[in-house]
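Source file: target-v6.json (JSON, C-alpha atoms)
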```json
[["chain", "number", "residue", "atom", "x", "y", "z"],
["A", 73, "MET", "CA", 45.82, 41.30, -46.06],
["A", 74, "LYS", "CA", 44.20, 43.04, -43.11],
["A", 75, "PHE", "CA", 46.04, 45.48, -40.88],
["A", 76, "ASN", "CA", 44.81, 45.72, -37.30],
["A", 77, "GLU", "CA", 46.46, 48.91, -36.07],
["A", 78, "ILE", "CA", 49.60, 51.01, -36.21],
["A", 79, "MET", "CA", 52.07, 49.21, -33.95],
["A", 80, "HIS", "CA", 54.63, 51.99, -33.62],
["A", 81, "LEU", "CA", 56.07, 55.21, -34.95],
["A", 82, "SER", "CA", 59.84, 55.53, -34.81],
["A", 83, "PHE", "CA", 62.08, 58.57, -34.41],
["A", 84, "TYR", "CA", 65.80, 59.20, -34.02],
["A", 85, "THR", "CA", 66.74, 61.83, -31.45],
["A", 86, "ASP", "CA", 69.84, 63.53, -30.15],
["A", 87, "GLN", "CA", 67.85, 64.63, -27.09],
["A", 88, "MET", "CA", 66.82, 61.31, -25.52],
["A", 89, "ASP", "CA", 66.46, 62.78, -22.02],
["A", 90, "ALA", "CA", 64.34, 65.73, -23.22],
["A", 91, "MET", "CA", 62.20, 63.46, -25.40],
["A", 92, "ARG", "CA", 61.61, 61.04, -22.53],
["A", 93, "ASP", "CA", 60.75, 63.91, -20.21],
["A", 94, "PHE", "CA", 58.24, 65.26, -22.75],
["A", 95, "TYR", "CA", 56.48, 61.98, -23.53],
["A", 96, "GLU", "CA", 56.70, 60.40, -20.09],
["A", 97, "ASN", "CA", 56.40, 63.35, -17.71],
["A", 98, "LYS", "CA", 54.54, 66.02, -19.68],
["A", 99, "LEU", "CA", 52.21, 63.74, -21.66],
["A", 100, "GLY", "CA", 52.02, 61.11, -18.91],
["A", 101, "LEU", "CA", 52.94, 58.14, -21.10],
["A", 102, "LYS", "CA", 55.05, 55.24, -19.83],
["A", 103, "ALA", "CA", 58.13, 53.54, -21.23],
["A", 104, "LYS", "CA", 57.35, 49.86, -21.76],
["A", 105, "ILE", "CA", 60.69, 48.65, -23.17],
["A", 106, "ILE", "CA", 64.19, 50.00, -22.64],
["A", 107, "MET", "CA", 66.66, 48.01, -24.74],
["A", 108, "ARG", "CA", 70.33, 48.49, -23.93],
["A", 109, "TYR", "CA", 73.23, 47.68, -26.21],
["A", 110, "ASP", "CA", 74.39, 44.78, -24.02],
["A", 111, "ALA", "CA", 71.42, 42.80, -25.41],
["A", 112, "TYR", "CA", 73.39, 42.65, -28.69],
["A", 113, "LYS", "CA", 76.69, 41.53, -27.17],
["A", 114, "GLY", "CA", 78.20, 38.65, -29.09],
["A", 115, "ASN", "CA", 75.74, 38.97, -31.98],
["A", 116, "PRO", "CA", 77.88, 40.02, -34.98],
["A", 117, "ASN", "CA", 74.80, 40.05, -37.24],
["A", 118, "ARG", "CA", 73.72, 43.24, -35.45],
["A", 119, "GLY", "CA", 76.72, 45.24, -36.74],
["A", 120, "ALA", "CA", 77.16, 48.62, -35.04],
["A", 121, "TRP", "CA", 74.88, 47.63, -32.16],
["A", 122, "ALA", "CA", 77.05, 44.58, -31.38],
["A", 123, "GLN", "CA", 80.12, 46.83, -31.50],
["A", 124, "ARG", "CA", 78.46, 49.37, -29.22],
["A", 125, "ALA", "CA", 77.66, 46.50, -26.80],
["A", 126, "GLU", "CA", 81.40, 46.21, -26.27],
["A", 127, "THR", "CA", 82.05, 49.95, -25.75],
["A", 128, "ASP", "CA", 78.78, 51.18, -24.19],
["A", 129, "PRO", "CA", 76.85, 48.15, -22.91],
["A", 130, "THR", "CA", 74.52, 50.17, -20.66],
["A", 131, "GLY", "CA", 73.71, 52.73, -23.39],
["A", 132, "ILE", "CA", 70.16, 52.82, -24.71],
["A", 133, "ALA", "CA", 69.65, 51.20, -28.11],
["A", 134, "TYR", "CA", 65.95, 52.10, -28.20],
["A", 135, "ILE", "CA", 62.91, 52.79, -26.04],
["A", 136, "PHE", "CA", 59.27, 51.90, -26.67],
["A", 137, "ILE", "CA", 56.85, 54.37, -25.06],
["A", 138, "GLU", "CA", 53.26, 53.14, -24.98],
["A", 139, "LEU", "CA", 50.79, 55.58, -26.55],
["A", 140, "ALA", "CA", 47.76, 53.29, -26.17],
["A", 141, "PRO", "CA", 47.49, 49.54, -25.54],
["A", 142, "GLY", "CA", 49.71, 47.85, -28.12],
["A", 143, "GLN", "CA", 50.68, 51.12, -29.83],
["A", 144, "TYR", "CA", 54.07, 52.71, -29.29],
["A", 145, "LEU", "CA", 56.44, 55.53, -30.02],
["A", 146, "GLU", "CA", 59.93, 54.09, -30.55],
["A", 147, "LEU", "CA", 62.89, 56.37, -29.84],
["A", 148, "PHE", "CA", 66.41, 55.65, -31.08],
["A", 149, "PRO", "CA", 69.44, 57.69, -30.08],
["A", 150, "LYS", "CA", 71.06, 59.56, -32.95],
["A", 151, "ALA", "CA", 73.37, 57.27, -34.89],
["A", 152, "ASP", "CA", 76.99, 58.17, -35.55],
["A", 153, "GLY", "CA", 77.20, 60.49, -38.54],
["A", 154, "GLN", "CA", 73.44, 60.93, -38.77],
["A", 155, "GLN", "CA", 72.38, 64.27, -40.23],
["A", 156, "ALA", "CA", 70.42, 66.86, -38.27],
["A", 157, "HIS", "CA", 66.62, 66.87, -38.16],
["A", 158, "GLU", "CA", 65.00, 68.62, -41.11],
["A", 159, "ALA", "CA", 62.65, 71.52, -40.60],
["A", 160, "PRO", "CA", 59.00, 70.33, -40.70],
["A", 161, "ASP", "CA", 57.20, 70.50, -44.05],
["A", 162, "THR", "CA", 60.37, 70.93, -46.12],
["A", 163, "ARG", "CA", 60.44, 67.44, -47.66],
["A", 164, "LEU", "CA", 57.95, 64.96, -49.06],
["A", 165, "GLY", "CA", 57.10, 62.04, -46.83],
["A", 166, "TYR", "CA", 56.43, 62.11, -43.12],
["A", 167, "SER", "CA", 54.28, 65.02, -41.98],
["A", 168, "HIS", "CA", 52.83, 64.30, -38.52],
["A", 169, "PHE", "CA", 50.96, 61.84, -36.36],
["A", 170, "ALA", "CA", 47.79, 62.24, -34.30],
["A", 171, "LEU", "CA", 46.69, 61.04, -30.88],
["A", 172, "MET", "CA", 43.02, 60.71, -29.88],
["A", 173, "VAL", "CA", 41.53, 61.98, -26.63],
["A", 174, "ASP", "CA", 38.01, 61.91, -25.20],
["A", 175, "ASP", "CA", 37.99, 65.62, -24.24],
["A", 176, "ILE", "CA", 40.26, 67.94, -26.22],
["A", 177, "HIS", "CA", 39.63, 70.95, -23.97],
["A", 178, "ALA", "CA", 40.54, 69.00, -20.82],
["A", 179, "ALA", "CA", 43.61, 67.65, -22.65],
["A", 180, "ARG", "CA", 44.63, 71.21, -23.55],
["A", 181, "GLU", "CA", 44.43, 72.27, -19.91],
["A", 182, "GLU", "CA", 46.52, 69.27, -18.80],
["A", 183, "LEU", "CA", 49.14, 70.02, -21.47],
["A", 184, "VAL", "CA", 49.38, 73.69, -20.50],
["A", 185, "LYS", "CA", 49.71, 72.75, -16.80],
["A", 186, "ALA", "CA", 52.54, 70.36, -17.76],
["A", 187, "GLY", "CA", 54.34, 73.20, -19.58],
["A", 188, "VAL", "CA", 53.60, 72.08, -23.15],
["A", 189, "ASP", "CA", 53.26, 74.86, -25.75],
["A", 190, "ILE", "CA", 50.07, 74.72, -27.82],
["A", 191, "ASP", "CA", 50.97, 75.48, -31.45],
["A", 192, "ILE", "CA", 47.36, 75.62, -32.71],
["A", 193, "GLU", "CA", 44.48, 75.92, -30.25],
["A", 194, "PRO", "CA", 41.58, 73.45, -30.33],
["A", 195, "ASN", "CA", 39.38, 73.96, -33.37],
["A", 196, "LYS", "CA", 37.08, 71.87, -35.53],
["A", 197, "GLY", "CA", 38.66, 70.87, -38.84],
["A", 198, "GLN", "CA", 36.90, 70.38, -42.18],
["A", 199, "SER", "CA", 36.34, 66.73, -41.26],
["A", 200, "GLU", "CA", 34.20, 67.86, -38.27],
["A", 201, "THR", "CA", 36.82, 66.47, -35.87],
["A", 202, "TRP", "CA", 38.35, 68.56, -33.08],
["A", 203, "GLN", "CA", 42.08, 69.14, -33.45],
["A", 204, "MET", "CA", 44.93, 71.02, -31.80],
["A", 205, "TRP", "CA", 48.62, 70.93, -32.55],
["A", 206, "ILE", "CA", 51.74, 70.58, -30.40],
["A", 207, "HIS", "CA", 55.34, 69.46, -30.99],
["A", 208, "ASP", "CA", 57.96, 67.47, -29.09],
["A", 209, "PRO", "CA", 61.49, 68.70, -28.21],
["A", 210, "ASP", "CA", 62.84, 67.56, -31.60],
["A", 211, "GLY", "CA", 60.16, 69.54, -33.44],
["A", 212, "ASN", "CA", 58.07, 66.53, -34.51],
["A", 213, "LYS", "CA", 54.62, 68.04, -34.77],
["A", 214, "PHE", "CA", 51.48, 66.15, -33.98],
["A", 215, "GLU", "CA", 47.77, 66.59, -33.53],
["A", 216, "ILE", "CA", 45.66, 65.88, -30.52],
["A", 217, "MET", "CA", 42.18, 65.02, -31.82],
["A", 218, "GLN", "CA", 38.67, 64.28, -30.58],
["A", 219, "TYR", "CA", 35.93, 62.73, -32.69],
["A", 220, "THR", "CA", 32.46, 64.29, -32.87],
["A", 221, "GLU", "CA", 29.15, 62.75, -33.97],
["A", 222, "LYS", "CA", 29.75, 64.31, -37.41],
["A", 223, "SER", "CA", 33.42, 63.26, -37.81],
["A", 224, "LEU", "CA", 34.03, 62.15, -41.38],
["A", 225, "GLN", "CA", 36.55, 59.59, -40.10],
["A", 226, "HIS", "CA", 33.50, 57.67, -38.82],
["A", 227, "HIS", "CA", 31.03, 58.41, -41.63],
["A", 228, "GLY", "CA", 33.28, 58.97, -44.64],
["A", 229, "ASN", "CA", 32.49, 61.19, -47.61],
["A", 230, "ILE", "CA", 33.46, 59.05, -50.61],
["A", 231, "ALA", "CA", 29.92, 58.80, -52.03],
["A", 232, "GLU", "CA", 29.47, 62.59, -51.87],
["A", 233, "ASP", "CA", 32.93, 63.18, -53.34],
["A", 234, "GLN", "CA", 32.30, 60.81, -56.25],
["A", 235, "LYS", "CA", 28.92, 62.40, -56.91],
["A", 236, "LYS", "CA", 30.45, 65.88, -56.91],
["A", 237, "TYR", "CA", 33.73, 65.16, -58.74],
["A", 238, "GLY", "CA", 33.00, 61.91, -60.58],
["A", 239, "LYS", "CA", 36.11, 60.06, -59.44]]
```
File written out as structure tokens:
Amino acid sequence: MKFNEIMHLSFYTDQMDAMRDFYENKLGLKAKIIMRYDAYKGNPNRGAWAQRAETDPTGIAYIFIELAPGQYLELFPKADGQQAHEAPDTRLGYSHFALMVDDIHAAREELVKAGVDIDIEPNKGQSETWQMWIHDPDGNKFEIMQYTEKSLQHHGNIAEDQKKYGK
């Protein structure tokens, strides 16, 4: 099996308007799909969404925001009875995602002008790749990154690691 790319990341939110404002207006991304509950009307196999089609047909079931061609962030409104968002780094599993840019310093300036808080300023990580950190209104943290000529993501380090550690 060969995977071609990450198609989408998906998040639930109880702040759909704030999340859309952040990703669409502050980051400059565009919504590509807005699916409303009425699309599920008369489809009992879709359970709660089919029920919601009867009570809130114009409500948003999900939105796909395009991050890069063919790659999306999918936002779902909070489901009934869904628990609150956990504080970052308190559970195993999801940690963060990263978006690539051509010029991290120019990206930082654009983000600041758009009113986005920079959590960690641009710096070069151990992998020789530029990184900076921000978060969305729900607290989902993510990196903005820029490759360099020395970035290990391009060159790897497995041979050196095996030589040094033998595994």
Show me the residues around (74.9, 47.1, -28.7) - criterion: an atom at most 8 Å away, only C-alpha atoms counted - as a PyMOL selection string. chain A and resi 108-113+118+120-126+128-129+131+133
Determine the nearest neighbour of Asp210 in chain A from the options A:His157, A:His80, A:Gly114, A:Ala103, counting all atoms listed in the file.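 Checking each candidate against Asp210 in chain A, we get A:His157 as the closest.
Closest approach to Leu183 in chain A among A:Pro141, A:Ser82, A:Ala170, A:Ile206: A:Ile206, based on all atoms listed in the file.
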Just the residues within 10 Å of Gln218 in chain A, please, counting all atoms listed in the file, with nothing from its chain fewer than 4 positions along; format it as an MDAnalysis selection string. chainID A and resid 171:177 179 194 196 200:204 223
Separation of CA of Thr162 in chain A from CA of Tyr95 in chain A in Å: 24.6 Å
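In this structure, CA of Ile137 in chain A sits 24.8 Å away from CA of Lys74 in chain A.
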Pick from A:Leu81, A:Leu164, A:Met91, A:Leu99, whichever lies nearest to Glu146 in chain A using all atoms listed in the file: A:Leu81
Using CA of Tyr84 in chain A and CA of Asp208 in chain A as the two end points, give the distance in Å to one decimal.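 Result for CA of Tyr84 in chain A versus CA of Asp208 in chain A: 12.4 Å, one decimal.
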Can I get range 120-135 of chain A with N, CA and C atoms filled in, as a PDB file, in the coordinates of the input?
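Result file is part03.pdb:
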```pdb
ATOM      1  N   ALA A 120      76.760  47.528 -35.927  1.00  0.00           N
ATOM      2  CA  ALA A 120      77.160  48.620 -35.040  1.00  0.00           C
ATOM      3  C   ALA A 120      76.615  48.429 -33.624  1.00  0.00           C
ATOM      4  N   TRP A 121      75.436  47.828 -33.500  1.00  0.00           N
ATOM      5  CA  TRP A 121      74.880  47.630 -32.160  1.00  0.00           C
ATOM      6  C   TRP A 121      75.700  46.609 -31.370  1.00  0.00           C
ATOM      7  N   ALA A 122      76.183  45.567 -32.047  1.00  0.00           N
ATOM      8  CA  ALA A 122      77.050  44.580 -31.380  1.00  0.00           C
ATOM      9  C   ALA A 122      78.373  45.232 -30.989  1.00  0.00           C
ATOM     10  N   GLN A 123      78.891  46.095 -31.838  1.00  0.00           N
ATOM     11  CA  GLN A 123      80.120  46.830 -31.500  1.00  0.00           C
ATOM     12  C   GLN A 123      79.884  47.753 -30.320  1.00  0.00           C
ATOM     13  N   ARG A 124      78.767  48.447 -30.319  1.00  0.00           N
ATOM     14  CA  ARG A 124      78.460  49.370 -29.220  1.00  0.00           C
ATOM     15  C   ARG A 124      78.263  48.585 -27.925  1.00  0.00           C
ATOM     16  N   ALA A 125      77.816  47.339 -27.997  1.00  0.00           N
ATOM     17  CA  ALA A 125      77.660  46.500 -26.800  1.00  0.00           C
ATOM     18  C   ALA A 125      78.997  46.319 -26.098  1.00  0.00           C
ATOM     19  N   GLU A 126      80.073  46.348 -26.863  1.00  0.00           N
ATOM     20  CA  GLU A 126      81.400  46.210 -26.270  1.00  0.00           C
ATOM     21  C   GLU A 126      81.893  47.507 -25.639  1.00  0.00           C
ATOM     22  N   THR A 127      81.529  48.657 -26.229  1.00  0.00           N
ATOM     23  CA  THR A 127      82.050  49.950 -25.750  1.00  0.00           C
ATOM     24  C   THR A 127      81.097  50.696 -24.839  1.00  0.00           C
ATOM     25  N   ASP A 128      79.788  50.456 -24.972  1.00  0.00           N
ATOM     26  CA  ASP A 128      78.780  51.180 -24.190  1.00  0.00           C
ATOM     27  C   ASP A 128      77.620  50.238 -23.865  1.00  0.00           C
ATOM     28  N   PRO A 129      77.886  49.160 -23.116  1.00  0.00           N
ATOM     29  CA  PRO A 129      76.850  48.150 -22.910  1.00  0.00           C
ATOM     30  C   PRO A 129      75.592  48.656 -22.213  1.00  0.00           C
ATOM     31  N   THR A 130      75.705  49.675 -21.368  1.00  0.00           N
ATOM     32  CA  THR A 130      74.520  50.170 -20.660  1.00  0.00           C
ATOM     33  C   THR A 130      73.811  51.292 -21.425  1.00  0.00           C
ATOM     34  N   GLY A 131      74.360  51.698 -22.577  1.00  0.00           N
ATOM     35  CA  GLY A 131      73.710  52.730 -23.390  1.00  0.00           C
ATOM     36  C   GLY A 131      72.389  52.235 -23.958  1.00  0.00           C
ATOM     37  N   ILE A 132      71.490  53.166 -24.208  1.00  0.00           N
ATOM     38  CA  ILE A 132      70.160  52.820 -24.710  1.00  0.00           C
ATOM     39  C   ILE A 132      70.203  52.642 -26.225  1.00  0.00           C
ATOM     40  N   ALA A 133      69.770  51.475 -26.681  1.00  0.00           N
ATOM     41  CA  ALA A 133      69.650  51.200 -28.110  1.00  0.00           C
ATOM     42  C   ALA A 133      68.321  51.738 -28.629  1.00  0.00           C
ATOM     43  N   TYR A 134      67.249  51.535 -27.865  1.00  0.00           N
ATOM     44  CA  TYR A 134      65.950  52.100 -28.200  1.00  0.00           C
ATOM     45  C   TYR A 134      65.014  51.990 -27.006  1.00  0.00           C
ATOM     46  N   ILE A 135      63.952  52.785 -27.066  1.00  0.00           N
ATOM     47  CA  ILE A 135      62.910  52.790 -26.040  1.00  0.00           C
ATOM     48  C   ILE A 135      61.567  52.726 -26.736  1.00  0.00           C
TER      49      ILE A 135
END
```
